[in-house]
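A.B. asks: I have a structure here, written as structure tokens, and I will follow up with some questions on it.
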2 protein chains.
Amino acid sequence: MKQSEMLIPTQKQDPTGAEAISHKMLIRAGYIRQVSAGTYAYLPLAYRVLEKIEKIIQSEMNKTGANEMLLPDIIPASFWKDSGRYDSYGPELFKLKNRHDTDFILGPTHEETVTELIKGTVNSYKKLPLNIYQIQSKYRDEDRPRYGLLRSREFLMLDAYSFSANDGDLDEIYKKMRTTFENIFNQIGLNYRGIIGDSGSMGGSDSMEFSAPAAVGEDTIVYSDDSDYAANLEMATDMFVNKKSHGEINDLELVDTPDIKNIKQVAKFFDVDSKQIIKSLLYIVDEKPVLVLLRGDQEANIAKIKRFFNAENVELATLSQVENYLGVKPGSVGPFNINAEISIVADEYVKSVVNGVAGSNENDKHYNGVNPERDLQNVHYGDFRTVKEGDISPDGSGVLQFTKGIEIGHIFKLGTRYSKVLGADILDENGRQQPVIMGCYGIGISRLLSAVSEQQADSNGLVWPKAIAPFDVHIIPTNLKKESQSELAQKINDGLEKAGFQVLIDDRKERAGVKFADSDLIGIPIRITVGKKADEGIVEVKIRKTGETVETRVDDLKNTIHILSKEI
Amino acid sequence: MKQSEMLIPTQKQDPTGAEAISHKMLIRAGYIRQVSAGTYAYLPLAYRVLEKIEKIIQSEMNKTGANEMLLPDIIPASFWKDSGRYDSYGPELFKLKNRHDTDFILGPTHEETVTELIKGTVNSYKKLPLNIYQIQSKYRDEDRPRYGLLRSREFLMLDAYSFSANDGDLDEIYKKMRTTFENIFNQIGLNYRGIIGDSGSMGGSDSMEFSAPAAVGEDTIVYSDDSDYAANLEMATDMFVNKKSHGEINDLELVDTPDIKNIKQVAKFFDVDSKQIIKSLLYIVDEKPVLVLLRGDQEANIAKIKRFFNAENVELATLSQVENYLGVKPGSVGPFNINAEISIVADEYVKSVVNGVAGSNENDKHYNGVNPERDLQNVHYGDFRTVKEGDISPDGSGVLQFTKGIEIGHIFKLGTRYSKVLGADILDENGRQQPVIMGCYGIGISRLLSAVSEQQADSNGLVWPKAIAPFDVHIIPTNLKKESQSELAQKINDGLEKAGFQVLIDDRKERAGVKFADSDLIGIPIRITVGKKADEGIVEVKIRKTGETVETRVDDLKNTIHILSKEI
């Protein structure tokens with residue numbers, strides 16, 4: 001392909017407002033252009049990368065027997081009203097009306113649509129299991145689009161949906177999809193981790209997230225430095241080690257603590273480590289008050305509270321809610337004399353506090369000598385804490401480390417979350433009507449461009465892994481006016497294309513310096529420079545990733561490229 | 001591919017409300033399902049057909065050096081306000097707002113978006129010509145969606161846009177696109193015509209439409225029975241033959257014609273053929289009155305009037321507008337004593353009327369003995385008539401015939417219609433700033449499914465041309481319980497797949513009758529039935545299109561299929 005015939009608007013300057021290296025370089029190298037905040041044009045080079053990613057996905061998905069199809073982007077709002085997500089999904093849902101004033105949404109995901117489709121077409125276990133997928137633009141009205149393709153309003157997704165008559169089949173497809181996703185990410189040449197994920201607004205039980213470590217990642221990934229344990233911060237847990245000391249147990253003592261409000265002040269006042277303090281926080285869980293107890297050095301994990309109560313919404317109580325429910329100011333809240341209507345849950349580490357300090361639930365007073373098993377009633381113990389770096393991995397192997405990651409894929413067991421409410425029933429093996437059992441599986445295709453760029457770009461530009469590079473080889477004739485150079489370059493181009501390589505040839509009338517800089521920006525794995533030694537039949541081959549160069553005789557070139565291609 | 005693993009929900013009954021055979025059969029054969037009025041799910045079989053069409057398009061477009069890319073579906077309304085189409089496009093434009101109350105539209109076409117892109121990235125003739133294209137969902141809020149994929153609210157399109165610095169380059173690309181589109185339609189195996197089209201709301205000058213003749217077509221195509229002339233009814237013209245008789249010229253005579261209002265009454269009253277009458281119609285052309293004269297036996301062509309005045313809007317005047325502008329009732333309107341502010345245009349056939357009859361512009365009076373060249377002033381003559389079947393083809397070869405057609409593609413020379421108003425300027429060869437010159441080229445991909453089905457389906461179901469069939473071969477083992485049959489079917493499946501054929505095998509536990517009926521519905525070109533003679537190594541091969549069957553030994557099968565594949 002001739003570079004002069006392609007739209008590749010490279011630029012030297014970083015675009016204004018771009019923070020992420022992937023965003024800067026995809027713009028500078030002429031891969032994307034913003035059309036409006038959060039929407040982008042994928043220019044020809046980016047499109048070639050997208051196409052290669054899509055082919056890898058299609059090939060791997062088809063191997064599993066999954067069916068490709070295509071659903072509309074415009075979805076009747078009634079589907080989402082029936083599932084309950086029309087209201088719960090929030091302001092990220094693009095809503096619109098047609099000319100007859102009927103409500104529609106632009107699909108951010110297609111559980112409802114595909115469930116309605118199956119409801120209308122499949123009614124028996126005999127036609128199951130089925131796994132159907134599509135590659136399609138999705139829409140999310142982000143408040144503040146950011147980082148180029150990473151948080152955008154319109155993006156490309158693979159979304160797959162499985163349907164089965166029993167849990168065993170769901171398990172099998174779920175596992176197959178896990179392996180398929182791993183194969184896809186491996187082929188693309190991406191550094192990623194499979195982590196235990198939160199199923200969030202999708203509903204459902206088991207879920208697993210695939211995350212690409214990168215500085216601009218919006219997720220915090222927790223992983224063990226010595227095992228393959230990895231989880232989202234919201235899901236991460238550590239090993240509970242009961243270090244309860246077996247010393248003397250003191251009596252409970254009520255102490256005046258004027259103006260003592262926070263953990264730091266309590267620790268100083270009582271001259272104890274924060275681990276000796278029991279922190280009491282009032283949360284409003286789906287409109288009901290819940291008192292959550294934590295060891296003073298630990299933080300609550302909202303997602304864990306949410307899951308424990310199977311709640312939609314968990315928020316810290318306001319000052320007036322605290323006073324209203326408990327009759328004290330927040331600084332003195334404690335697990336004593338609590339009205340029976342208020343549930344109390346405590347992190348398991350609270351149980352191992354000996355002779356601790358806790359709020360008394362009377363203003364300006366704390367209890368000292370608190371021993372939870374003796375002193376606290378009606379408390380449910382569990383894991384309600386947010387893990388910290390250095391905590392022991394839950395599998396006992398290694399300690400936890402944090403890193404930032406970009407979510408690139410997600411697999412969920414949805415169960416009957418959607419089929420139940422939308423009435424997608426089938427007859428099972430025993431002739432009983434039951435909701436079909438679903439799973440869903442997604443990959444963020446356009447954000448993979450950002451993830452790969454984020455991991456592999458350098459200060460000179462993009463660096464593409466071979467499998468998804470827009471071209472295999474970039475040919476640069478340095479001086480087109482010299483016929484020997486332009487002819488040799490064209491000859492090499494034709495020979496490599498014939499051998500099955502995808503070749504971009506820089507036939508522009510530009511200075512060599514401009515061509516080299518653009519070539520570095522564009523990031524094709526192998527560059528062939530046809531320069532002064534063209535007359536001698538010698539060209540230079542350069543590996544973009546390593547910067548390594550070799551001079552090669554043109555006769556050996558095809559061979560050299562073959563060998564280098566395998567090495568990259 | 002195993003039929004049991006695919007979502008192919010065939011049904012015996014025609015869907016309610018479906019009028020077109022393509023609509024009925026695409027539903028019955030399990031290719032599509034309606035999601036809401038005018039939006040459809042493309043199920044796995046339809047998706048395979050779409051994919052094949054897309055590959056043909058991509059391959060042909062890429063050969064011309066066109067660049068594939070992808071623009072957002074959601075377009076800032078400001079682009080369309082700047083081009084003037086935000087208001088003029090009408091209620092078919094889907095409008096929406098984002099959470100910050102900014103106006104957007106869903107793209108029915110992308111001239112504005114791509115012009116803005118080029119404006120921001122290309123500033124010199126040195127980077128031109130460029131031809132970029134995309135394959136994407138488009139949105140049109142049809143008042144009454146109809147005929148399945150033919151008139152739908154969301155549909156797949158190829159849209160290409162060319163940019164050049166001079167008219168010569170535009171001509172060249174336009175010609176290349178015409179040939180490319182012809183290659184595409186030929187490969188698909190479609191019956192189509194290239195016709196002179198109206199550029200309608202797209203703006204621009206030259207345009208050509210590709211139309212697939214079909215009973216449900218919404219366009220009337222006019223063609224010569226003896227040449228390759230073909231045009232939209234709106235654009236069609238016939239040969240003007242001046243048959244002016246050279247007899248005696250009568251004097252003008254004002255005649256009382258009480259209650260004589262229409263052509264029929266006038267003809268009877270004066271005992272003349274309607275060809276002797278000059279019909280006078282008042283139109284409002286972009287808010288200005290225009291008197292249009294036609295021979296009594298001919299009809300006005302609004303599109304021609306529009307083009308002549310380069311107008312946005314042409315409508316027949318209301319009764320009160322006629323009385324207001326002319327001071328008479330419609331029945332007596334004529335080209336006499338007309339206020340100078342009112343333009344008068346006449347079809348060229350009016351000129352050849354000798355001693356004709358026309359309204360006098362006085363109530364209840366007509367003139368007889370009207371000889372236009374003598375009696376009418378300030379009249380501009382031109383082609384303002386609608387052609388009729390039997391008229392002489394404008395190339396003089398043959399007479400005109402009408403047929404119905406489905407618009408499947410369209411190529412336009414846009415010129416500077418968009419670049420001018422959006423300020424997409426480039427420096428030309430002489431260093432002068434000028435608007436970039438554009439062309440646009442579109443194919444309706446999803447409606448091709450309907451067009452092909454409309455032309456080729458029979459009463460048993462769909463019939464796909466080989467190039468876009470979802471599979472090449474359909475294998476039907478009639479009795480799966482007989483191991484010899486199921487094993488042989490599988491062996492044939494594996495052998496054909498290995499030889500590069502795409503094979504669907506009906507592994508469902510259904511009766512043979514059900515399988516055959518479904519197979520006819522689905523319409524794969526070749527069917528292999530593995531039945532009772534499996535033990536003898538004999539199977540039946542059937543051509544879907546002709547119904548022709550042959551018995552073949554399994555050893556000869558691959559060869560038979562190869563030969564038949566070439567024949568189809």
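In the structure tokens, chains take the letters A, B, ... in the order shown, each chain's residues start at 1, and ligands count up from 1 in the order shown.
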Identify, with DSSP run on backbone atoms, the residues in range 27-170 of chain A assigned to strand (DSSP E), and express the list as a PDB file with N, CA, C and O atoms, in the first residue's frame.
C.D. replies:
```pdb
ATOM      1  N   ILE A  32      -6.170   8.008  15.091  1.00  0.00           N
ATOM      2  CA  ILE A  32      -7.535   8.408  15.471  1.00  0.00           C
ATOM      3  C   ILE A  32      -7.637   9.936  15.468  1.00  0.00           C
ATOM      4  O   ILE A  32      -6.622  10.633  15.531  1.00  0.00           O
ATOM      5  N   ARG A  33      -8.851  10.425  15.362  1.00  0.00           N
ATOM      6  CA  ARG A  33      -9.127  11.850  15.521  1.00  0.00           C
ATOM      7  C   ARG A  33     -10.422  11.975  16.299  1.00  0.00           C
ATOM      8  O   ARG A  33     -11.370  11.233  16.059  1.00  0.00           O
ATOM      9  N   GLN A  34     -10.433  12.920  17.227  1.00  0.00           N
ATOM     10  CA  GLN A  34     -11.659  13.156  17.980  1.00  0.00           C
ATOM     11  C   GLN A  34     -12.706  13.799  17.082  1.00  0.00           C
ATOM     12  O   GLN A  34     -12.388  14.694  16.310  1.00  0.00           O
ATOM     13  N   VAL A  35     -13.957  13.325  17.186  1.00  0.00           N
ATOM     14  CA  VAL A  35     -15.057  13.932  16.439  1.00  0.00           C
ATOM     15  C   VAL A  35     -15.871  14.821  17.375  1.00  0.00           C
ATOM     16  O   VAL A  35     -16.229  15.938  17.048  1.00  0.00           O
ATOM     17  N   SER A  36     -16.133  14.295  18.583  1.00  0.00           N
ATOM     18  CA  SER A  36     -16.699  15.132  19.642  1.00  0.00           C
ATOM     19  C   SER A  36     -16.161  14.542  20.938  1.00  0.00           C
ATOM     20  O   SER A  36     -15.516  13.496  20.913  1.00  0.00           O
ATOM     21  N   THR A  39     -15.987  10.737  21.335  1.00  0.00           N
ATOM     22  CA  THR A  39     -16.189   9.932  20.118  1.00  0.00           C
ATOM     23  C   THR A  39     -15.024  10.180  19.160  1.00  0.00           C
ATOM     24  O   THR A  39     -14.520  11.302  19.063  1.00  0.00           O
ATOM     25  N   TYR A  40     -14.611   9.119  18.488  1.00  0.00           N
ATOM     26  CA  TYR A  40     -13.423   9.192  17.650  1.00  0.00           C
ATOM     27  C   TYR A  40     -13.669   8.599  16.272  1.00  0.00           C
ATOM     28  O   TYR A  40     -14.440   7.653  16.118  1.00  0.00           O
ATOM     29  N   ALA A  41     -12.958   9.151  15.297  1.00  0.00           N
ATOM     30  CA  ALA A  41     -12.866   8.512  13.986  1.00  0.00           C
ATOM     31  C   ALA A  41     -11.675   7.573  14.056  1.00  0.00           C
ATOM     32  O   ALA A  41     -10.597   7.969  14.504  1.00  0.00           O
ATOM     33  N   TYR A  42     -11.881   6.318  13.652  1.00  0.00           N
ATOM     34  CA  TYR A  42     -10.768   5.379  13.508  1.00  0.00           C
ATOM     35  C   TYR A  42     -10.259   5.525  12.089  1.00  0.00           C
ATOM     36  O   TYR A  42     -10.948   5.120  11.143  1.00  0.00           O
ATOM     37  N   ASN A  67     -21.981 -18.537  17.594  1.00  0.00           N
ATOM     38  CA  ASN A  67     -22.575 -17.986  16.357  1.00  0.00           C
ATOM     39  C   ASN A  67     -22.441 -16.484  16.317  1.00  0.00           C
ATOM     40  O   ASN A  67     -22.921 -15.804  17.228  1.00  0.00           O
ATOM     41  N   GLU A  68     -21.877 -15.951  15.225  1.00  0.00           N
ATOM     42  CA  GLU A  68     -21.857 -14.499  15.123  1.00  0.00           C
ATOM     43  C   GLU A  68     -23.173 -13.998  14.560  1.00  0.00           C
ATOM     44  O   GLU A  68     -23.742 -14.582  13.637  1.00  0.00           O
ATOM     45  N   ILE A  74     -30.207   0.523  18.338  1.00  0.00           N
ATOM     46  CA  ILE A  74     -31.342   1.237  18.933  1.00  0.00           C
ATOM     47  C   ILE A  74     -32.267   0.205  19.570  1.00  0.00           C
ATOM     48  O   ILE A  74     -32.782  -0.670  18.877  1.00  0.00           O
ATOM     49  N   ILE A  75     -32.424   0.298  20.887  1.00  0.00           N
ATOM     50  CA  ILE A  75     -33.157  -0.735  21.636  1.00  0.00           C
ATOM     51  C   ILE A  75     -34.418  -0.121  22.234  1.00  0.00           C
ATOM     52  O   ILE A  75     -34.357   0.967  22.803  1.00  0.00           O
ATOM     53  N   PRO A  76     -35.570  -0.816  22.125  1.00  0.00           N
ATOM     54  CA  PRO A  76     -36.790  -0.287  22.749  1.00  0.00           C
ATOM     55  C   PRO A  76     -36.573  -0.095  24.255  1.00  0.00           C
ATOM     56  O   PRO A  76     -36.087  -1.000  24.939  1.00  0.00           O
ATOM     57  N   LYS A  95     -30.584   8.114  25.932  1.00  0.00           N
ATOM     58  CA  LYS A  95     -32.007   7.895  25.670  1.00  0.00           C
ATOM     59  C   LYS A  95     -32.450   8.736  24.470  1.00  0.00           C
ATOM     60  O   LYS A  95     -31.927   9.828  24.263  1.00  0.00           O
ATOM     61  N   LEU A  96     -33.381   8.219  23.706  1.00  0.00           N
ATOM     62  CA  LEU A  96     -33.921   9.000  22.582  1.00  0.00           C
ATOM     63  C   LEU A  96     -35.345   8.545  22.274  1.00  0.00           C
ATOM     64  O   LEU A  96     -35.796   7.532  22.792  1.00  0.00           O
ATOM     65  N   LYS A  97     -36.000   9.320  21.434  1.00  0.00           N
ATOM     66  CA  LYS A  97     -37.369   8.997  21.029  1.00  0.00           C
ATOM     67  C   LYS A  97     -37.420   8.933  19.511  1.00  0.00           C
ATOM     68  O   LYS A  97     -36.643   9.597  18.842  1.00  0.00           O
ATOM     69  N   ASP A 103     -40.077   5.589  23.277  1.00  0.00           N
ATOM     70  CA  ASP A 103     -38.762   5.680  23.930  1.00  0.00           C
ATOM     71  C   ASP A 103     -37.832   4.574  23.470  1.00  0.00           C
ATOM     72  O   ASP A 103     -38.212   3.403  23.412  1.00  0.00           O
ATOM     73  N   PHE A 104     -36.599   4.951  23.212  1.00  0.00           N
ATOM     74  CA  PHE A 104     -35.539   4.001  22.876  1.00  0.00           C
ATOM     75  C   PHE A 104     -34.274   4.353  23.659  1.00  0.00           C
ATOM     76  O   PHE A 104     -34.181   5.431  24.240  1.00  0.00           O
ATOM     77  N   ILE A 105     -33.341   3.423  23.685  1.00  0.00           N
ATOM     78  CA  ILE A 105     -32.009   3.728  24.218  1.00  0.00           C
ATOM     79  C   ILE A 105     -30.982   3.272  23.174  1.00  0.00           C
ATOM     80  O   ILE A 105     -31.296   2.485  22.275  1.00  0.00           O
ATOM     81  N   LEU A 106     -29.779   3.804  23.297  1.00  0.00           N
ATOM     82  CA  LEU A 106     -28.675   3.288  22.496  1.00  0.00           C
ATOM     83  C   LEU A 106     -27.957   2.252  23.361  1.00  0.00           C
ATOM     84  O   LEU A 106     -27.558   2.559  24.494  1.00  0.00           O
ATOM     85  N   LEU A 130     -26.631 -22.695  23.499  1.00  0.00           N
ATOM     86  CA  LEU A 130     -26.329 -21.795  22.384  1.00  0.00           C
ATOM     87  C   LEU A 130     -25.403 -20.703  22.910  1.00  0.00           C
ATOM     88  O   LEU A 130     -25.547 -20.268  24.048  1.00  0.00           O
ATOM     89  N   ASN A 131     -24.492 -20.290  22.066  1.00  0.00           N
ATOM     90  CA  ASN A 131     -23.647 -19.163  22.446  1.00  0.00           C
ATOM     91  C   ASN A 131     -23.593 -18.241  21.239  1.00  0.00           C
ATOM     92  O   ASN A 131     -23.147 -18.641  20.181  1.00  0.00           O
ATOM     93  N   ILE A 132     -24.119 -17.027  21.387  1.00  0.00           N
ATOM     94  CA  ILE A 132     -24.142 -16.123  20.237  1.00  0.00           C
ATOM     95  C   ILE A 132     -23.381 -14.853  20.570  1.00  0.00           C
ATOM     96  O   ILE A 132     -23.315 -14.439  21.722  1.00  0.00           O
ATOM     97  N   TYR A 133     -22.747 -14.284  19.549  1.00  0.00           N
ATOM     98  CA  TYR A 133     -21.939 -13.087  19.815  1.00  0.00           C
ATOM     99  C   TYR A 133     -22.046 -12.088  18.685  1.00  0.00           C
ATOM    100  O   TYR A 133     -22.495 -12.421  17.587  1.00  0.00           O
ATOM    101  N   GLN A 134     -21.644 -10.875  18.995  1.00  0.00           N
ATOM    102  CA  GLN A 134     -21.603  -9.823  17.985  1.00  0.00           C
ATOM    103  C   GLN A 134     -20.434  -8.888  18.263  1.00  0.00           C
ATOM    104  O   GLN A 134     -19.915  -8.825  19.372  1.00  0.00           O
ATOM    105  N   ILE A 135     -20.010  -8.200  17.227  1.00  0.00           N
ATOM    106  CA  ILE A 135     -18.992  -7.162  17.346  1.00  0.00           C
ATOM    107  C   ILE A 135     -19.666  -5.902  16.866  1.00  0.00           C
ATOM    108  O   ILE A 135     -20.141  -5.840  15.729  1.00  0.00           O
ATOM    109  N   GLN A 136     -19.728  -4.890  17.732  1.00  0.00           N
ATOM    110  CA  GLN A 136     -20.654  -3.796  17.486  1.00  0.00           C
ATOM    111  C   GLN A 136     -20.261  -2.553  18.275  1.00  0.00           C
ATOM    112  O   GLN A 136     -19.610  -2.646  19.299  1.00  0.00           O
ATOM    113  N   SER A 137     -20.689  -1.399  17.793  1.00  0.00           N
ATOM    114  CA  SER A 137     -20.495  -0.160  18.549  1.00  0.00           C
ATOM    115  C   SER A 137     -21.441  -0.143  19.744  1.00  0.00           C
ATOM    116  O   SER A 137     -22.591  -0.554  19.637  1.00  0.00           O
ATOM    117  N   LYS A 138     -20.905   0.348  20.858  1.00  0.00           N
ATOM    118  CA  LYS A 138     -21.716   0.481  22.058  1.00  0.00           C
ATOM    119  C   LYS A 138     -21.634   1.944  22.508  1.00  0.00           C
ATOM    120  O   LYS A 138     -20.697   2.654  22.145  1.00  0.00           O
ATOM    121  N   TYR A 139     -22.600   2.344  23.328  1.00  0.00           N
ATOM    122  CA  TYR A 139     -22.732   3.751  23.671  1.00  0.00           C
ATOM    123  C   TYR A 139     -22.857   3.924  25.181  1.00  0.00           C
ATOM    124  O   TYR A 139     -23.637   3.214  25.819  1.00  0.00           O
ATOM    125  N   GLU A 154     -18.576   6.235  22.650  1.00  0.00           N
ATOM    126  CA  GLU A 154     -18.949   5.252  21.628  1.00  0.00           C
ATOM    127  C   GLU A 154     -17.738   4.363  21.438  1.00  0.00           C
ATOM    128  O   GLU A 154     -16.639   4.874  21.210  1.00  0.00           O
ATOM    129  N   PHE A 155     -17.909   3.057  21.544  1.00  0.00           N
ATOM    130  CA  PHE A 155     -16.742   2.175  21.500  1.00  0.00           C
ATOM    131  C   PHE A 155     -17.138   0.835  20.911  1.00  0.00           C
ATOM    132  O   PHE A 155     -18.306   0.478  20.879  1.00  0.00           O
ATOM    133  N   LEU A 156     -16.131   0.088  20.471  1.00  0.00           N
ATOM    134  CA  LEU A 156     -16.398  -1.216  19.858  1.00  0.00           C
ATOM    135  C   LEU A 156     -16.255  -2.332  20.885  1.00  0.00           C
ATOM    136  O   LEU A 156     -15.283  -2.363  21.642  1.00  0.00           O
ATOM    137  N   MET A 157     -17.199  -3.242  20.871  1.00  0.00           N
ATOM    138  CA  MET A 157     -17.182  -4.345  21.838  1.00  0.00           C
ATOM    139  C   MET A 157     -17.439  -5.673  21.134  1.00  0.00           C
ATOM    140  O   MET A 157     -18.160  -5.735  20.145  1.00  0.00           O
ATOM    141  N   LEU A 158     -16.848  -6.722  21.700  1.00  0.00           N
ATOM    142  CA  LEU A 158     -17.373  -8.056  21.467  1.00  0.00           C
ATOM    143  C   LEU A 158     -18.312  -8.322  22.626  1.00  0.00           C
ATOM    144  O   LEU A 158     -17.900  -8.169  23.784  1.00  0.00           O
ATOM    145  N   ASP A 159     -19.544  -8.712  22.339  1.00  0.00           N
ATOM    146  CA  ASP A 159     -20.391  -9.192  23.428  1.00  0.00           C
ATOM    147  C   ASP A 159     -21.019 -10.520  23.033  1.00  0.00           C
ATOM    148  O   ASP A 159     -21.613 -10.645  21.971  1.00  0.00           O
ATOM    149  N   ALA A 160     -20.819 -11.499  23.917  1.00  0.00           N
ATOM    150  CA  ALA A 160     -21.337 -12.849  23.671  1.00  0.00           C
ATOM    151  C   ALA A 160     -22.313 -13.204  24.785  1.00  0.00           C
ATOM    152  O   ALA A 160     -22.167 -12.739  25.917  1.00  0.00           O
ATOM    153  N   TYR A 161     -23.310 -13.998  24.440  1.00  0.00           N
ATOM    154  CA  TYR A 161     -24.336 -14.392  25.403  1.00  0.00           C
ATOM    155  C   TYR A 161     -24.594 -15.880  25.252  1.00  0.00           C
ATOM    156  O   TYR A 161     -24.862 -16.351  24.148  1.00  0.00           O
ATOM    157  N   SER A 162     -24.491 -16.596  26.372  1.00  0.00           N
ATOM    158  CA  SER A 162     -24.760 -18.029  26.293  1.00  0.00           C
ATOM    159  C   SER A 162     -26.087 -18.346  26.950  1.00  0.00           C
ATOM    160  O   SER A 162     -26.518 -17.677  27.884  1.00  0.00           O
ATOM    161  N   PHE A 163     -26.709 -19.402  26.441  1.00  0.00           N
ATOM    162  CA  PHE A 163     -28.009 -19.847  26.949  1.00  0.00           C
ATOM    163  C   PHE A 163     -27.942 -21.343  27.162  1.00  0.00           C
ATOM    164  O   PHE A 163     -27.503 -22.077  26.269  1.00  0.00           O
ATOM    165  N   SER A 164     -28.347 -21.773  28.342  1.00  0.00           N
ATOM    166  CA  SER A 164     -28.337 -23.204  28.585  1.00  0.00           C
ATOM    167  C   SER A 164     -29.502 -23.589  29.483  1.00  0.00           C
ATOM    168  O   SER A 164     -30.144 -22.745  30.094  1.00  0.00           O
TER     169      SER A 164
END
```
A.B. asks: Apply DSSP to the backbone of this structure and, from range 71-129 of chain B, keep only the residues in helix (DSSP H, G or I); write these as a compact mmCIF listing (two decimals) with N, CA and C atoms, in the first residue's frame.
C.D. replies:
```txt
# COMPACT_ATOMS: atom_id res chain seq x y z
N ALA B 77 -24.72 17.66 16.36
CA ALA B 77 -25.74 18.36 15.56
C ALA B 77 -25.14 19.60 14.91
N SER B 78 -24.12 20.17 15.55
CA SER B 78 -23.52 21.40 15.01
C SER B 78 -23.01 21.19 13.58
N PHE B 79 -22.48 19.99 13.28
CA PHE B 79 -22.02 19.73 11.90
C PHE B 79 -23.18 19.91 10.91
N TRP B 80 -24.32 19.37 11.29
CA TRP B 80 -25.49 19.39 10.38
C TRP B 80 -26.16 20.75 10.38
N LYS B 81 -26.02 21.49 11.48
CA LYS B 81 -26.54 22.86 11.47
C LYS B 81 -25.69 23.69 10.51
N ASP B 82 -24.37 23.46 10.55
CA ASP B 82 -23.48 24.21 9.66
C ASP B 82 -23.75 23.90 8.18
N SER B 83 -24.11 22.66 7.89
CA SER B 83 -24.35 22.29 6.49
C SER B 83 -25.76 22.65 6.05
N ARG B 85 -28.39 20.91 6.88
CA ARG B 85 -29.28 19.75 6.78
C ARG B 85 -30.02 19.42 8.07
N TYR B 86 -29.59 20.05 9.19
CA TYR B 86 -30.24 19.73 10.47
C TYR B 86 -31.75 20.00 10.37
N ASP B 87 -32.10 21.09 9.69
CA ASP B 87 -33.52 21.40 9.52
C ASP B 87 -34.08 20.78 8.24
N SER B 88 -33.31 20.83 7.14
CA SER B 88 -33.89 20.43 5.86
C SER B 88 -34.08 18.92 5.72
N GLU B 111 -21.56 12.80 5.18
CA GLU B 111 -20.84 13.85 4.45
C GLU B 111 -20.22 14.88 5.39
N GLU B 112 -21.02 15.36 6.34
CA GLU B 112 -20.53 16.41 7.22
C GLU B 112 -19.35 15.92 8.06
N THR B 113 -19.50 14.72 8.64
CA THR B 113 -18.47 14.21 9.54
C THR B 113 -17.15 14.03 8.81
N VAL B 114 -17.22 13.46 7.61
CA VAL B 114 -15.99 13.18 6.89
C VAL B 114 -15.38 14.48 6.36
N THR B 115 -16.22 15.45 6.02
CA THR B 115 -15.70 16.74 5.57
C THR B 115 -14.97 17.44 6.71
N GLU B 116 -15.56 17.38 7.91
CA GLU B 116 -14.89 17.96 9.08
C GLU B 116 -13.56 17.26 9.35
N LEU B 117 -13.55 15.94 9.17
CA LEU B 117 -12.31 15.18 9.38
C LEU B 117 -11.22 15.64 8.40
N ILE B 118 -11.58 15.75 7.14
CA ILE B 118 -10.60 16.16 6.12
C ILE B 118 -10.16 17.61 6.36
N LYS B 119 -11.10 18.42 6.76
CA LYS B 119 -10.79 19.82 7.08
C LYS B 119 -9.69 19.88 8.14
N GLY B 120 -9.74 18.98 9.10
CA GLY B 120 -8.77 19.00 10.19
C GLY B 120 -7.47 18.26 9.89
N THR B 121 -7.40 17.55 8.76
CA THR B 121 -6.22 16.71 8.55
C THR B 121 -5.53 16.91 7.20
N TYR B 125 -3.25 19.97 -1.94
CA TYR B 125 -3.50 19.07 -3.07
C TYR B 125 -2.49 17.92 -3.08
N LYS B 126 -1.33 18.13 -2.42
CA LYS B 126 -0.30 17.10 -2.42
C LYS B 126 -0.78 15.80 -1.77
N LYS B 127 -1.74 15.93 -0.84
CA LYS B 127 -2.23 14.72 -0.15
C LYS B 127 -3.48 14.16 -0.81
```
A.B. asks: If I take CA of Val122 in chain A and CA of Tyr174 in chain A, how far is one from the other in Å, to one decimal?
C.D. replies: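 These two atoms are separated by 20.5 Å.
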A.B. asks: Calculated over only C-alpha atoms, which of the candidates A:Glu510, A:Glu389, A:Gly461, A:Pro330 has the smallest distance to chain B?
C.D. replies: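 Closest candidate: A:Glu510.
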A.B. asks: Would you pick out the contacts of Ser484 in chain A at 9 Å or less, using only C-alpha atoms, so that residues sharing its chain but fewer than 5 positions from it are not included, and give the list as a list in words?
C.D. replies: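 Selected residues are Ala489, Ala534 and Asp535 of chain A.
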A.B. asks: Which of these, B:Asp507, B:Asn430, B:Glu548, B:Val322, has the shortest distance to chain A once you count only C-alpha atoms?
C.D. replies: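 For chain A, the nearest of the given residues is B:Asp507.
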